[in-house]
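Q: Sharing work08.tsv here; it has TSV, N, CA and C atoms.
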```
chain	number	residue	atom	x	y	z
R	1	MET	N	-14.09	-3.85	-11.12
R	1	MET	CA	-13.08	-2.97	-11.68
R	1	MET	C	-12.41	-2.25	-10.52
R	2	SER	N	-11.10	-2.19	-10.55
R	2	SER	CA	-10.39	-1.61	-9.42
R	2	SER	C	-10.13	-0.12	-9.56
R	3	LEU	N	-10.08	0.41	-10.76
R	3	LEU	CA	-9.81	1.83	-10.95
R	3	LEU	C	-10.88	2.47	-11.82
R	4	ASP	N	-11.21	3.71	-11.50
R	4	ASP	CA	-12.12	4.49	-12.34
R	4	ASP	C	-11.25	5.26	-13.32
R	5	VAL	N	-11.05	4.70	-14.49
R	5	VAL	CA	-10.13	5.26	-15.48
R	5	VAL	C	-10.88	6.23	-16.38
R	6	SER	N	-10.37	7.45	-16.45
R	6	SER	CA	-10.99	8.46	-17.31
R	6	SER	C	-10.77	8.09	-18.77
R	7	PRO	N	-11.64	8.57	-19.66
R	7	PRO	CA	-11.45	8.32	-21.09
R	7	PRO	C	-10.08	8.83	-21.58
R	8	ALA	N	-9.62	9.95	-21.06
R	8	ALA	CA	-8.34	10.51	-21.49
R	8	ALA	C	-7.17	9.61	-21.09
R	9	LEU	N	-7.23	9.07	-19.88
R	9	LEU	CA	-6.16	8.18	-19.43
R	9	LEU	C	-6.19	6.86	-20.19
R	10	LEU	N	-7.38	6.37	-20.46
R	10	LEU	CA	-7.52	5.15	-21.26
R	10	LEU	C	-6.97	5.37	-22.67
R	11	GLU	N	-7.23	6.54	-23.22
R	11	GLU	CA	-6.71	6.88	-24.55
R	11	GLU	C	-5.18	6.91	-24.54
R	12	GLN	N	-4.60	7.47	-23.48
R	12	GLN	CA	-3.14	7.46	-23.35
R	12	GLN	C	-2.61	6.03	-23.37
R	13	ALA	N	-3.25	5.16	-22.59
R	13	ALA	CA	-2.80	3.77	-22.52
R	13	ALA	C	-2.92	3.09	-23.87
R	14	GLU	N	-3.98	3.38	-24.59
R	14	GLU	CA	-4.16	2.79	-25.91
R	14	GLU	C	-3.10	3.24	-26.89
R	15	ARG	N	-2.61	4.48	-26.72
R	15	ARG	CA	-1.53	5.01	-27.57
R	15	ARG	C	-0.16	4.50	-27.11
R	16	GLY	N	-0.10	4.00	-25.89
R	16	GLY	CA	1.17	3.50	-25.37
R	16	GLY	C	1.94	4.49	-24.53
R	17	GLU	N	1.40	5.67	-24.33
R	17	GLU	CA	2.07	6.71	-23.55
R	17	GLU	C	1.23	7.03	-22.33
R	18	VAL	N	1.65	6.55	-21.17
R	18	VAL	CA	0.88	6.83	-19.96
R	18	VAL	C	1.70	7.70	-19.03
R	19	ASP	N	1.13	8.83	-18.68
R	19	ASP	CA	1.75	9.75	-17.73
R	19	ASP	C	1.56	9.17	-16.33
R	20	GLU	N	2.68	8.88	-15.64
R	20	GLU	CA	2.58	8.25	-14.32
R	20	GLU	C	1.85	9.14	-13.33
R	21	ALA	N	2.03	10.44	-13.39
R	21	ALA	CA	1.32	11.33	-12.47
R	21	ALA	C	-0.19	11.21	-12.66
R	22	ALA	N	-0.64	11.07	-13.90
R	22	ALA	CA	-2.07	10.90	-14.17
R	22	ALA	C	-2.55	9.55	-13.63
R	23	PHE	N	-1.71	8.53	-13.77
R	23	PHE	CA	-2.06	7.21	-13.23
R	23	PHE	C	-2.16	7.27	-11.71
R	24	VAL	N	-1.21	7.92	-11.06
R	24	VAL	CA	-1.23	8.05	-9.60
R	24	VAL	C	-2.48	8.80	-9.16
R	25	ASP	N	-2.86	9.84	-9.90
R	25	ASP	CA	-4.08	10.57	-9.57
R	25	ASP	C	-5.31	9.68	-9.72
R	26	CYS	N	-5.31	8.83	-10.73
R	26	CYS	CA	-6.39	7.87	-10.92
R	26	CYS	C	-6.49	6.93	-9.72
R	27	VAL	N	-5.34	6.46	-9.23
R	27	VAL	CA	-5.31	5.60	-8.05
R	27	VAL	C	-5.86	6.37	-6.84
R	28	ARG	N	-5.41	7.60	-6.68
R	28	ARG	CA	-5.84	8.43	-5.54
R	28	ARG	C	-7.36	8.57	-5.49
R	29	THR	N	-7.95	8.85	-6.64
R	29	THR	CA	-9.40	9.08	-6.67
R	29	THR	C	-10.21	7.77	-6.68
R	30	SER	N	-9.63	6.71	-7.20
R	30	SER	CA	-10.34	5.43	-7.28
R	30	SER	C	-10.28	4.63	-5.99
R	31	LEU	N	-9.18	4.77	-5.26
R	31	LEU	CA	-8.96	3.98	-4.05
R	31	LEU	C	-8.67	4.91	-2.87
R	32	PRO	N	-9.65	5.74	-2.49
R	32	PRO	CA	-9.38	6.76	-1.47
R	32	PRO	C	-8.99	6.21	-0.11
R	33	TYR	N	-9.55	5.11	0.31
R	33	TYR	CA	-9.17	4.55	1.61
R	33	TYR	C	-7.71	4.10	1.60
R	34	ALA	N	-7.33	3.38	0.56
R	34	ALA	CA	-5.94	2.92	0.45
R	34	ALA	C	-4.99	4.11	0.35
R	35	TRP	N	-5.36	5.11	-0.44
R	35	TRP	CA	-4.52	6.31	-0.59
R	35	TRP	C	-4.32	7.00	0.76
R	36	GLU	N	-5.41	7.18	1.49
R	36	GLU	CA	-5.32	7.86	2.79
R	36	GLU	C	-4.48	7.05	3.77
R	37	MET	N	-4.65	5.74	3.75
R	37	MET	CA	-3.87	4.88	4.65
R	37	MET	C	-2.38	5.05	4.37
R	38	ILE	N	-2.00	4.93	3.12
R	38	ILE	CA	-0.59	5.02	2.76
R	38	ILE	C	-0.07	6.44	2.99
R	39	SER	N	-0.83	7.44	2.63
R	39	SER	CA	-0.43	8.84	2.85
R	39	SER	C	-0.16	9.11	4.32
R	40	SER	N	-1.07	8.64	5.17
R	40	SER	CA	-0.91	8.91	6.60
R	40	SER	C	0.29	8.16	7.17
R	41	LEU	N	0.57	6.97	6.68
R	41	LEU	CA	1.74	6.23	7.15
R	41	LEU	C	3.03	6.90	6.69
R	42	VAL	N	3.04	7.42	5.48
R	42	VAL	CA	4.21	8.14	4.98
R	42	VAL	C	4.45	9.38	5.85
R	43	ALA	N	3.39	10.11	6.17
R	43	ALA	CA	3.52	11.29	7.02
R	43	ALA	C	4.01	10.90	8.41
R	44	GLN	N	3.47	9.82	8.95
R	44	GLN	CA	3.90	9.34	10.27
R	44	GLN	C	5.39	8.99	10.26
R	45	LEU	N	5.83	8.31	9.21
R	45	LEU	CA	7.24	7.94	9.11
R	45	LEU	C	8.12	9.19	9.06
R	46	LYS	N	7.70	10.18	8.30
R	46	LYS	CA	8.49	11.42	8.20
R	46	LYS	C	8.54	12.18	9.52
R	47	VAL	N	7.43	12.21	10.24
R	47	VAL	CA	7.37	12.95	11.49
R	47	VAL	C	8.08	12.20	12.61
R	48	ASP	N	7.77	10.91	12.75
R	48	ASP	CA	8.31	10.13	13.86
R	48	ASP	C	9.69	9.56	13.59
R	49	GLY	N	10.04	9.41	12.32
R	49	GLY	CA	11.30	8.75	12.00
R	49	GLY	C	11.18	7.26	12.30
R	50	GLY	N	12.27	6.63	12.56
R	50	GLY	CA	12.24	5.21	12.88
R	50	GLY	C	12.43	4.35	11.65
R	51	GLU	N	12.35	3.05	11.87
R	51	GLU	CA	12.60	2.08	10.81
R	51	GLU	C	11.43	1.93	9.85
R	52	PHE	N	10.20	2.10	10.37
R	52	PHE	CA	9.01	1.98	9.52
R	52	PHE	C	7.80	2.52	10.27
R	53	ALA	N	6.71	2.67	9.55
R	53	ALA	CA	5.42	3.03	10.13
R	53	ALA	C	4.41	2.03	9.58
R	54	ASP	N	3.51	1.56	10.44
R	54	ASP	CA	2.52	0.58	9.97
R	54	ASP	C	1.17	0.81	10.60
R	55	ASN	N	0.17	0.22	9.96
R	55	ASN	CA	-1.20	0.25	10.42
R	55	ASN	C	-1.58	-1.15	10.90
R	56	GLN	N	-2.17	-1.23	12.08
R	56	GLN	CA	-2.61	-2.53	12.58
R	56	GLN	C	-4.12	-2.56	12.84
R	57	THR	N	-4.81	-1.52	12.41
R	57	THR	CA	-6.26	-1.45	12.59
R	57	THR	C	-6.95	-1.97	11.34
R	58	PRO	N	-7.82	-2.97	11.49
R	58	PRO	CA	-8.53	-3.49	10.32
R	58	PRO	C	-9.37	-2.40	9.65
R	59	PRO	N	-9.56	-2.50	8.34
R	59	PRO	CA	-10.41	-1.54	7.63
R	59	PRO	C	-11.83	-1.56	8.19
R	60	PRO	N	-12.57	-0.47	8.05
R	60	PRO	CA	-13.92	-0.39	8.61
R	60	PRO	C	-14.95	-1.28	7.91
R	61	ASP	N	-14.68	-1.66	6.66
R	61	ASP	CA	-15.64	-2.49	5.92
R	61	ASP	C	-14.92	-3.21	4.77
R	62	GLU	N	-15.67	-4.04	4.09
R	62	GLU	CA	-15.09	-4.84	3.00
R	62	GLU	C	-14.67	-3.99	1.81
R	63	GLN	N	-15.36	-2.89	1.58
R	63	GLN	CA	-14.98	-2.01	0.47
R	63	GLN	C	-13.58	-1.44	0.73
R	64	ALA	N	-13.34	-1.01	1.94
R	64	ALA	CA	-12.02	-0.46	2.29
R	64	ALA	C	-10.95	-1.56	2.21
R	65	ARG	N	-11.27	-2.73	2.70
R	65	ARG	CA	-10.33	-3.86	2.63
R	65	ARG	C	-10.00	-4.17	1.18
R	66	GLY	N	-11.00	-4.15	0.33
R	66	GLY	CA	-10.79	-4.40	-1.10
R	66	GLY	C	-9.88	-3.36	-1.74
R	67	GLN	N	-10.00	-2.11	-1.31
R	67	GLN	CA	-9.12	-1.08	-1.85
R	67	GLN	C	-7.66	-1.36	-1.49
R	68	LEU	N	-7.41	-1.75	-0.25
R	68	LEU	CA	-6.04	-2.09	0.13
R	68	LEU	C	-5.52	-3.27	-0.68
R	69	LEU	N	-6.35	-4.28	-0.83
R	69	LEU	CA	-5.94	-5.45	-1.60
R	69	LEU	C	-5.62	-5.07	-3.04
R	70	ARG	N	-6.48	-4.27	-3.67
R	70	ARG	CA	-6.25	-3.88	-5.06
R	70	ARG	C	-4.99	-3.03	-5.19
R	71	ALA	N	-4.79	-2.09	-4.27
R	71	ALA	CA	-3.63	-1.21	-4.36
R	71	ALA	C	-2.32	-1.97	-4.17
R	72	LEU	N	-2.30	-2.91	-3.25
R	72	LEU	CA	-1.04	-3.55	-2.91
R	72	LEU	C	-0.81	-4.87	-3.65
R	73	ALA	N	-1.84	-5.43	-4.24
R	73	ALA	CA	-1.66	-6.67	-5.00
R	73	ALA	C	-1.29	-6.40	-6.45
R	74	SER	N	-1.51	-5.19	-6.91
R	74	SER	CA	-1.18	-4.83	-8.28
R	74	SER	C	0.26	-4.31	-8.33
R	75	ASP	N	1.10	-4.96	-9.10
R	75	ASP	CA	2.48	-4.51	-9.23
R	75	ASP	C	2.55	-3.09	-9.77
R	76	ALA	N	1.69	-2.76	-10.75
R	76	ALA	CA	1.71	-1.43	-11.35
R	76	ALA	C	1.30	-0.36	-10.34
R	77	ILE	N	0.22	-0.62	-9.61
R	77	ILE	CA	-0.25	0.36	-8.62
R	77	ILE	C	0.74	0.49	-7.49
R	78	ARG	N	1.17	-0.63	-6.96
R	78	ARG	CA	2.11	-0.61	-5.84
R	78	ARG	C	3.41	0.11	-6.23
R	79	GLY	N	3.93	-0.20	-7.41
R	79	GLY	CA	5.16	0.44	-7.87
R	79	GLY	C	4.99	1.94	-8.04
R	80	ALA	N	3.86	2.36	-8.60
R	80	ALA	CA	3.62	3.79	-8.79
R	80	ALA	C	3.50	4.50	-7.44
R	81	LEU	N	2.83	3.86	-6.49
R	81	LEU	CA	2.70	4.46	-5.16
R	81	LEU	C	4.07	4.57	-4.48
R	82	GLN	N	4.87	3.54	-4.60
R	82	GLN	CA	6.20	3.58	-3.99
R	82	GLN	C	7.04	4.70	-4.59
R	83	ARG	N	6.98	4.85	-5.90
R	83	ARG	CA	7.75	5.93	-6.55
R	83	ARG	C	7.19	7.30	-6.15
R	84	HIS	N	5.88	7.42	-6.12
R	84	HIS	CA	5.25	8.70	-5.79
R	84	HIS	C	5.62	9.15	-4.37
R	85	PHE	N	5.52	8.24	-3.42
R	85	PHE	CA	5.77	8.59	-2.03
R	85	PHE	C	7.23	8.43	-1.62
R	86	GLY	N	8.04	7.78	-2.44
R	86	GLY	CA	9.45	7.60	-2.10
R	86	GLY	C	9.67	6.66	-0.94
R	87	VAL	N	8.89	5.58	-0.91
R	87	VAL	CA	8.99	4.58	0.16
R	87	VAL	C	8.90	3.18	-0.45
R	88	ARG	N	9.14	2.19	0.41
R	88	ARG	CA	8.86	0.80	0.04
R	88	ARG	C	7.65	0.37	0.86
R	89	LEU	N	6.72	-0.32	0.22
R	89	LEU	CA	5.49	-0.77	0.88
R	89	LEU	C	5.58	-2.26	1.19
R	90	ALA	N	5.02	-2.62	2.32
R	90	ALA	CA	4.90	-4.03	2.70
R	90	ALA	C	3.47	-4.25	3.18
R	91	PHE	N	3.01	-5.50	3.14
R	91	PHE	CA	1.60	-5.78	3.37
R	91	PHE	C	1.44	-7.15	4.02
R	92	GLN	N	0.62	-7.22	5.07
R	92	GLN	CA	0.29	-8.48	5.73
R	92	GLN	C	-1.19	-8.51	6.08
R	93	ASN	N	-1.80	-9.65	5.98
R	93	ASN	CA	-3.13	-9.93	6.52
R	93	ASN	C	-4.26	-9.00	6.10
R	94	CYS	N	-4.29	-8.60	4.89
R	94	CYS	CA	-5.38	-7.81	4.32
R	94	CYS	C	-5.56	-6.43	4.93
R	95	HIS	N	-4.71	-6.04	5.87
R	95	HIS	CA	-4.85	-4.68	6.40
R	95	HIS	C	-3.56	-4.11	6.97
R	96	ARG	N	-2.60	-4.93	7.31
R	96	ARG	CA	-1.39	-4.38	7.93
R	96	ARG	C	-0.45	-3.87	6.84
R	97	VAL	N	-0.57	-2.60	6.57
R	97	VAL	CA	0.27	-1.92	5.58
R	97	VAL	C	1.42	-1.28	6.34
R	98	ALA	N	2.62	-1.37	5.79
R	98	ALA	CA	3.78	-0.71	6.38
R	98	ALA	C	4.54	0.03	5.30
R	99	VAL	N	5.12	1.16	5.69
R	99	VAL	CA	5.98	1.92	4.78
R	99	VAL	C	7.38	1.95	5.39
R	100	PHE	N	8.34	1.72	4.52
R	100	PHE	CA	9.75	1.71	4.90
R	100	PHE	C	10.49	2.73	4.06
R	101	PRO	N	11.47	3.42	4.66
R	101	PRO	CA	12.26	4.36	3.86
R	101	PRO	C	13.03	3.62	2.77
R	102	LEU	N	13.41	4.34	1.74
R	102	LEU	CA	14.22	3.75	0.68
R	102	LEU	C	15.65	3.49	1.14
R	103	ASP	N	16.03	4.12	2.22
R	103	ASP	CA	17.38	4.00	2.76
R	103	ASP	C	17.73	2.53	3.03
R	104	PRO	N	18.88	2.06	2.56
R	104	PRO	CA	19.27	0.66	2.78
R	104	PRO	C	19.37	0.26	4.25
R	105	SER	N	19.45	1.23	5.15
R	105	SER	CA	19.52	0.89	6.57
R	105	SER	C	18.25	0.20	7.07
R	106	SER	N	17.15	0.30	6.33
R	106	SER	CA	15.91	-0.37	6.74
R	106	SER	C	15.73	-1.73	6.09
R	107	ASP	N	16.70	-2.16	5.29
R	107	ASP	CA	16.59	-3.44	4.58
R	107	ASP	C	16.35	-4.61	5.53
R	108	GLU	N	17.09	-4.65	6.62
R	108	GLU	CA	16.97	-5.78	7.56
R	108	GLU	C	15.58	-5.80	8.20
R	109	ARG	N	15.08	-4.64	8.60
R	109	ARG	CA	13.75	-4.58	9.22
R	109	ARG	C	12.67	-4.94	8.21
R	110	LEU	N	12.80	-4.50	6.98
R	110	LEU	CA	11.85	-4.88	5.93
R	110	LEU	C	11.88	-6.38	5.70
R	111	ALA	N	13.07	-6.97	5.67
R	111	ALA	CA	13.19	-8.42	5.49
R	111	ALA	C	12.52	-9.17	6.63
R	112	ARG	N	12.65	-8.69	7.86
R	112	ARG	CA	11.99	-9.34	9.00
R	112	ARG	C	10.47	-9.22	8.88
R	113	PHE	N	10.00	-8.02	8.48
R	113	PHE	CA	8.56	-7.79	8.35
R	113	PHE	C	7.94	-8.69	7.29
R	114	THR	N	8.63	-8.87	6.19
R	114	THR	CA	8.08	-9.65	5.07
R	114	THR	C	8.49	-11.11	5.09
R	115	SER	N	9.13	-11.56	6.15
R	115	SER	CA	9.57	-12.95	6.23
R	115	SER	C	8.40	-13.88	6.56
R	116	ILE	N	8.64	-15.15	6.34
R	116	ILE	CA	7.65	-16.17	6.72
R	116	ILE	C	7.38	-16.08	8.22
R	117	ARG	N	8.43	-15.94	9.02
R	117	ARG	CA	8.28	-15.83	10.47
R	117	ARG	C	7.41	-14.61	10.81
R	118	GLY	N	7.69	-13.47	10.18
R	118	GLY	CA	6.91	-12.26	10.43
R	118	GLY	C	5.44	-12.47	10.10
R	119	GLN	N	5.17	-13.15	9.01
R	119	GLN	CA	3.79	-13.43	8.62
R	119	GLN	C	3.11	-14.31	9.66
R	120	LEU	N	3.79	-15.36	10.09
R	120	LEU	CA	3.20	-16.27	11.07
R	120	LEU	C	2.95	-15.59	12.41
R	121	LEU	N	3.85	-14.73	12.83
R	121	LEU	CA	3.68	-14.04	14.11
R	121	LEU	C	2.59	-12.98	14.06
R	122	ASN	N	2.14	-12.61	12.88
R	122	ASN	CA	1.09	-11.61	12.73
R	122	ASN	C	-0.28	-12.25	12.49
R	123	GLN	N	-0.47	-13.45	12.96
R	123	GLN	CA	-1.74	-14.15	12.78
R	123	GLN	C	-2.58	-14.05	14.05
R	124	SER	N	-3.90	-14.07	13.85
R	124	SER	CA	-4.83	-14.13	14.98
R	124	SER	C	-6.14	-14.69	14.46
R	125	PRO	N	-6.94	-15.27	15.35
R	125	PRO	CA	-8.26	-15.80	14.91
R	125	PRO	C	-9.13	-14.73	14.27
R	126	GLN	N	-9.01	-13.46	14.70
R	126	GLN	CA	-9.83	-12.40	14.15
R	126	GLN	C	-9.51	-12.12	12.68
R	127	LEU	N	-8.36	-12.53	12.22
R	127	LEU	CA	-7.95	-12.23	10.84
R	127	LEU	C	-8.19	-13.39	9.89
R	128	ARG	N	-8.77	-14.45	10.34
R	128	ARG	CA	-8.95	-15.63	9.49
R	128	ARG	C	-9.87	-15.40	8.30
R	129	ASP	N	-10.76	-14.44	8.39
R	129	ASP	CA	-11.72	-14.24	7.30
R	129	ASP	C	-11.26	-13.19	6.28
R	130	CYS	N	-10.10	-12.64	6.45
R	130	CYS	CA	-9.70	-11.60	5.50
R	130	CYS	C	-8.94	-12.18	4.33
```
I'd like the structure from this file rewritten - as structure tokens, please.
A:
Amino acid sequence: MSLDVSPALLEQAERGEVDEAAFVDCVRTSLPYAWEMISSLVAQLKVDGGEFADNQTPPPDEQARGQLLRALASDAIRGALQRHFGVRLAFQNCHRVAVFPLDPSSDERLARFTSIRGQLLNQSPQLRDC
């Protein structure tokens, strides 16, 4: 199970009315490593500026890696995080998370990061098992 869903949030979903802020809080508490990674990248982007901010350090363990995979592979979670933080998220190789501003000026850099070429250039023997 990827999220620790409270009975109240589950009840909301069963009724068809889900508060996105409550869902985001559920993600924050269920996937703390992924939340901290994305939060810190958003802060880095705001402080440093630039086209994007990314992480290139592999997670410390498989549990942390799994949190990143769950957060970024789920359209619902990823979309909620993007709306919450006001960024676009990109992901490579089970750990390279990047945040891009919503500003259209970063579209070209995002396209390069998420391209087939970008994926191939971000390969290494150390990442084969992720």
Q: Would you please work out which residue, of R:Ala53, R:Val5, R:Leu68, R:Val18, is nearest to R:Ala34 when using only C-alpha atoms?
A: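 Using only C-alpha atoms, R:Ala34 sits closest to R:Leu68.
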Q: Can you pull out every residue from chain R that DSSP, working from the backbone, puts in alpha helix (DSSP H), and format the result as a VMD selection string?
A: chain R and resid 7 to 15 20 to 30 32 to 48 62 to 73 75 to 85 107 to 113 116 to 121
Q: Go ahead and compute the interatomic distance for atom CA of R:Arg96 and atom C of R:Gln56, in Å to one decimal.
A: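 Distance reported for this atom pair: 5.9 Å.
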Q: One decimal, Å: what's the distance from atom N of R:Ala73 over to atom C of R:Tyr33, could you say?
A: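 Computing it gives 12.6 Å between the two atoms.
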Q: Could you check how far atom N of R:Gln67 sits from atom CA of R:Gly49, in Å to one decimal?
A: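 Computing the Euclidean distance for atom N of R:Gln67 and atom CA of R:Gly49 yields 27.4 Å.
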Q: Smallest atom-to-atom distance to R:Ala64: which of R:Ser40, R:Pro32, R:Phe85, R:Ala80, using only N, CA and C atoms?
A: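 With only N, CA and C atoms as the atom set, the closest residue is R:Pro32.
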Q: Which of these residues is nearest to R:Glu20, using only C-alpha atoms: R:Arg117, R:His95, R:Lys46, R:Arg83?
A: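 Among R:Arg117, R:His95, R:Lys46, R:Arg83, it is R:Arg83 that comes nearest to R:Glu20.
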Q: Given the choices R:Ala21, R:Ala98, R:Pro104, R:Ala71, which gets closest to R:Trp35 if the distance is worked out from all atoms listed in the file?
A: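 Answer, going by the shortest atom-to-atom distance: R:Ala71.
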Q: So for stretch 11-25 of chain R, what box centre and size do we get, axis-aligned, 4 Å extra on each of the six sides, every listed atom, Å to one decimal, as JSON?
A:
```
{"center_x": -2.3, "center_y": 7.1, "center_z": -18.4, "size_x": 17.9, "size_y": 16.5, "size_z": 26.4}
```
Q: Tell me, which residues of stretch 15-105 of chain R carry DSSP strand (DSSP E or B), written as a list in words?
A: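 Strand (DSSP E or B) assignments inside stretch 15-105 of chain R correspond to Ala53, Asp54, Val87, Arg88, Leu89, Ala90, Phe91, Gln92, Arg96, Val97, Ala98, Val99, Phe100 and Pro101 of chain R.
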Q: So, with only C-alpha atoms as the atoms that count, which of R:Ala111, R:Leu102, R:Ile116, R:Leu89 lies closest to R:Leu72?
A: R:Leu89
Q: Skipping near chain neighbours, those fewer than 6 positions away, what residues fall within 10 Å of R:Asp19 using only C-alpha atoms, listed as a PyMOL selection string?
A: chain R and resi 9+12-13
Q: Applying 8 Å and only C-alpha atoms, which residues near R:Arg65 remain after dropping the ones on its own chain fewer than 5 positions away? List them as a list in words.
A: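 Close residues of R:Arg65: Pro58, Pro59, Pro60, Cys94 and His95 of chain R.
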Q: For the residues in that selection, give me N, CA and C atoms as an mmCIF file, in the frame of the given file.
A:
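As a result, part_26.cif now contains:
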```cif
data_model
loop_
_atom_site.group_PDB
_atom_site.id
_atom_site.type_symbol
_atom_site.label_atom_id
_atom_site.label_comp_id
_atom_site.auth_asym_id
_atom_site.auth_seq_id
_atom_site.Cartn_x
_atom_site.Cartn_y
_atom_site.Cartn_z
ATOM 1 N N PRO R 58 -7.820 -2.970 11.490
ATOM 2 C CA PRO R 58 -8.530 -3.490 10.320
ATOM 3 C C PRO R 58 -9.370 -2.400 9.650
ATOM 4 N N PRO R 59 -9.560 -2.500 8.340
ATOM 5 C CA PRO R 59 -10.410 -1.540 7.630
ATOM 6 C C PRO R 59 -11.830 -1.560 8.190
ATOM 7 N N PRO R 60 -12.570 -0.470 8.050
ATOM 8 C CA PRO R 60 -13.920 -0.390 8.610
ATOM 9 C C PRO R 60 -14.950 -1.280 7.910
ATOM 10 N N CYS R 94 -4.290 -8.600 4.890
ATOM 11 C CA CYS R 94 -5.380 -7.810 4.320
ATOM 12 C C CYS R 94 -5.560 -6.430 4.930
ATOM 13 N N HIS R 95 -4.710 -6.040 5.870
ATOM 14 C CA HIS R 95 -4.850 -4.680 6.400
ATOM 15 C C HIS R 95 -3.560 -4.110 6.970
#
```
Q: Residues proximal to (2.3, 7.1, -5.3) were defined as those with any atom within 12 Å of that point in the file's coordinates, counting only C-alpha atoms. Which are they, as a ChimeraX atom specification?
A: /R:20-29,31,34-39,42,71-72,76-89,99
Q: Include N, CA and C atoms and write out the residues we just selected as a compact mmCIF listing (two decimals), keeping the file's coordinate frame.
A:
```txt
# COMPACT_ATOMS: atom_id res chain seq x y z
N GLU R 20 2.68 8.88 -15.64
CA GLU R 20 2.58 8.25 -14.32
C GLU R 20 1.85 9.14 -13.33
N ALA R 21 2.03 10.44 -13.39
CA ALA R 21 1.32 11.33 -12.47
C ALA R 21 -0.19 11.21 -12.66
N ALA R 22 -0.64 11.07 -13.90
CA ALA R 22 -2.07 10.90 -14.17
C ALA R 22 -2.55 9.55 -13.63
N PHE R 23 -1.71 8.53 -13.77
CA PHE R 23 -2.06 7.21 -13.23
C PHE R 23 -2.16 7.27 -11.71
N VAL R 24 -1.21 7.92 -11.06
CA VAL R 24 -1.23 8.05 -9.60
C VAL R 24 -2.48 8.80 -9.16
N ASP R 25 -2.86 9.84 -9.90
CA ASP R 25 -4.08 10.57 -9.57
C ASP R 25 -5.31 9.68 -9.72
N CYS R 26 -5.31 8.83 -10.73
CA CYS R 26 -6.39 7.87 -10.92
C CYS R 26 -6.49 6.93 -9.72
N VAL R 27 -5.34 6.46 -9.23
CA VAL R 27 -5.31 5.60 -8.05
C VAL R 27 -5.86 6.37 -6.84
N ARG R 28 -5.41 7.60 -6.68
CA ARG R 28 -5.84 8.43 -5.54
C ARG R 28 -7.36 8.57 -5.49
N THR R 29 -7.95 8.85 -6.64
CA THR R 29 -9.40 9.08 -6.67
C THR R 29 -10.21 7.77 -6.68
N LEU R 31 -9.18 4.77 -5.26
CA LEU R 31 -8.96 3.98 -4.05
C LEU R 31 -8.67 4.91 -2.87
N ALA R 34 -7.33 3.38 0.56
CA ALA R 34 -5.94 2.92 0.45
C ALA R 34 -4.99 4.11 0.35
N TRP R 35 -5.36 5.11 -0.44
CA TRP R 35 -4.52 6.31 -0.59
C TRP R 35 -4.32 7.00 0.76
N GLU R 36 -5.41 7.18 1.49
CA GLU R 36 -5.32 7.86 2.79
C GLU R 36 -4.48 7.05 3.77
N MET R 37 -4.65 5.74 3.75
CA MET R 37 -3.87 4.88 4.65
C MET R 37 -2.38 5.05 4.37
N ILE R 38 -2.00 4.93 3.12
CA ILE R 38 -0.59 5.02 2.76
C ILE R 38 -0.07 6.44 2.99
N SER R 39 -0.83 7.44 2.63
CA SER R 39 -0.43 8.84 2.85
C SER R 39 -0.16 9.11 4.32
N VAL R 42 3.04 7.42 5.48
CA VAL R 42 4.21 8.14 4.98
C VAL R 42 4.45 9.38 5.85
N ALA R 71 -4.79 -2.09 -4.27
CA ALA R 71 -3.63 -1.21 -4.36
C ALA R 71 -2.32 -1.97 -4.17
N LEU R 72 -2.30 -2.91 -3.25
CA LEU R 72 -1.04 -3.55 -2.91
C LEU R 72 -0.81 -4.87 -3.65
N ALA R 76 1.69 -2.76 -10.75
CA ALA R 76 1.71 -1.43 -11.35
C ALA R 76 1.30 -0.36 -10.34
N ILE R 77 0.22 -0.62 -9.61
CA ILE R 77 -0.25 0.36 -8.62
C ILE R 77 0.74 0.49 -7.49
N ARG R 78 1.17 -0.63 -6.96
CA ARG R 78 2.11 -0.61 -5.84
C ARG R 78 3.41 0.11 -6.23
N GLY R 79 3.93 -0.20 -7.41
CA GLY R 79 5.16 0.44 -7.87
C GLY R 79 4.99 1.94 -8.04
N ALA R 80 3.86 2.36 -8.60
CA ALA R 80 3.62 3.79 -8.79
C ALA R 80 3.50 4.50 -7.44
N LEU R 81 2.83 3.86 -6.49
CA LEU R 81 2.70 4.46 -5.16
C LEU R 81 4.07 4.57 -4.48
N GLN R 82 4.87 3.54 -4.60
CA GLN R 82 6.20 3.58 -3.99
C GLN R 82 7.04 4.70 -4.59
N ARG R 83 6.98 4.85 -5.90
CA ARG R 83 7.75 5.93 -6.55
C ARG R 83 7.19 7.30 -6.15
N HIS R 84 5.88 7.42 -6.12
CA HIS R 84 5.25 8.70 -5.79
C HIS R 84 5.62 9.15 -4.37
N PHE R 85 5.52 8.24 -3.42
CA PHE R 85 5.77 8.59 -2.03
C PHE R 85 7.23 8.43 -1.62
N GLY R 86 8.04 7.78 -2.44
CA GLY R 86 9.45 7.60 -2.10
C GLY R 86 9.67 6.66 -0.94
N VAL R 87 8.89 5.58 -0.91
CA VAL R 87 8.99 4.58 0.16
C VAL R 87 8.90 3.18 -0.45
N ARG R 88 9.14 2.19 0.41
CA ARG R 88 8.86 0.80 0.04
C ARG R 88 7.65 0.37 0.86
N LEU R 89 6.72 -0.32 0.22
CA LEU R 89 5.49 -0.77 0.88
C LEU R 89 5.58 -2.26 1.19
N VAL R 99 5.12 1.16 5.69
CA VAL R 99 5.98 1.92 4.78
C VAL R 99 7.38 1.95 5.39
```
Q: Out of R:Gln63, R:Ser106, R:Leu45, R:Phe113, which residue has the shortest atom-to-atom distance to R:Gln92 when counting only N, CA and C atoms?
A: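 Result for the nearest residue to R:Gln92: R:Phe113.
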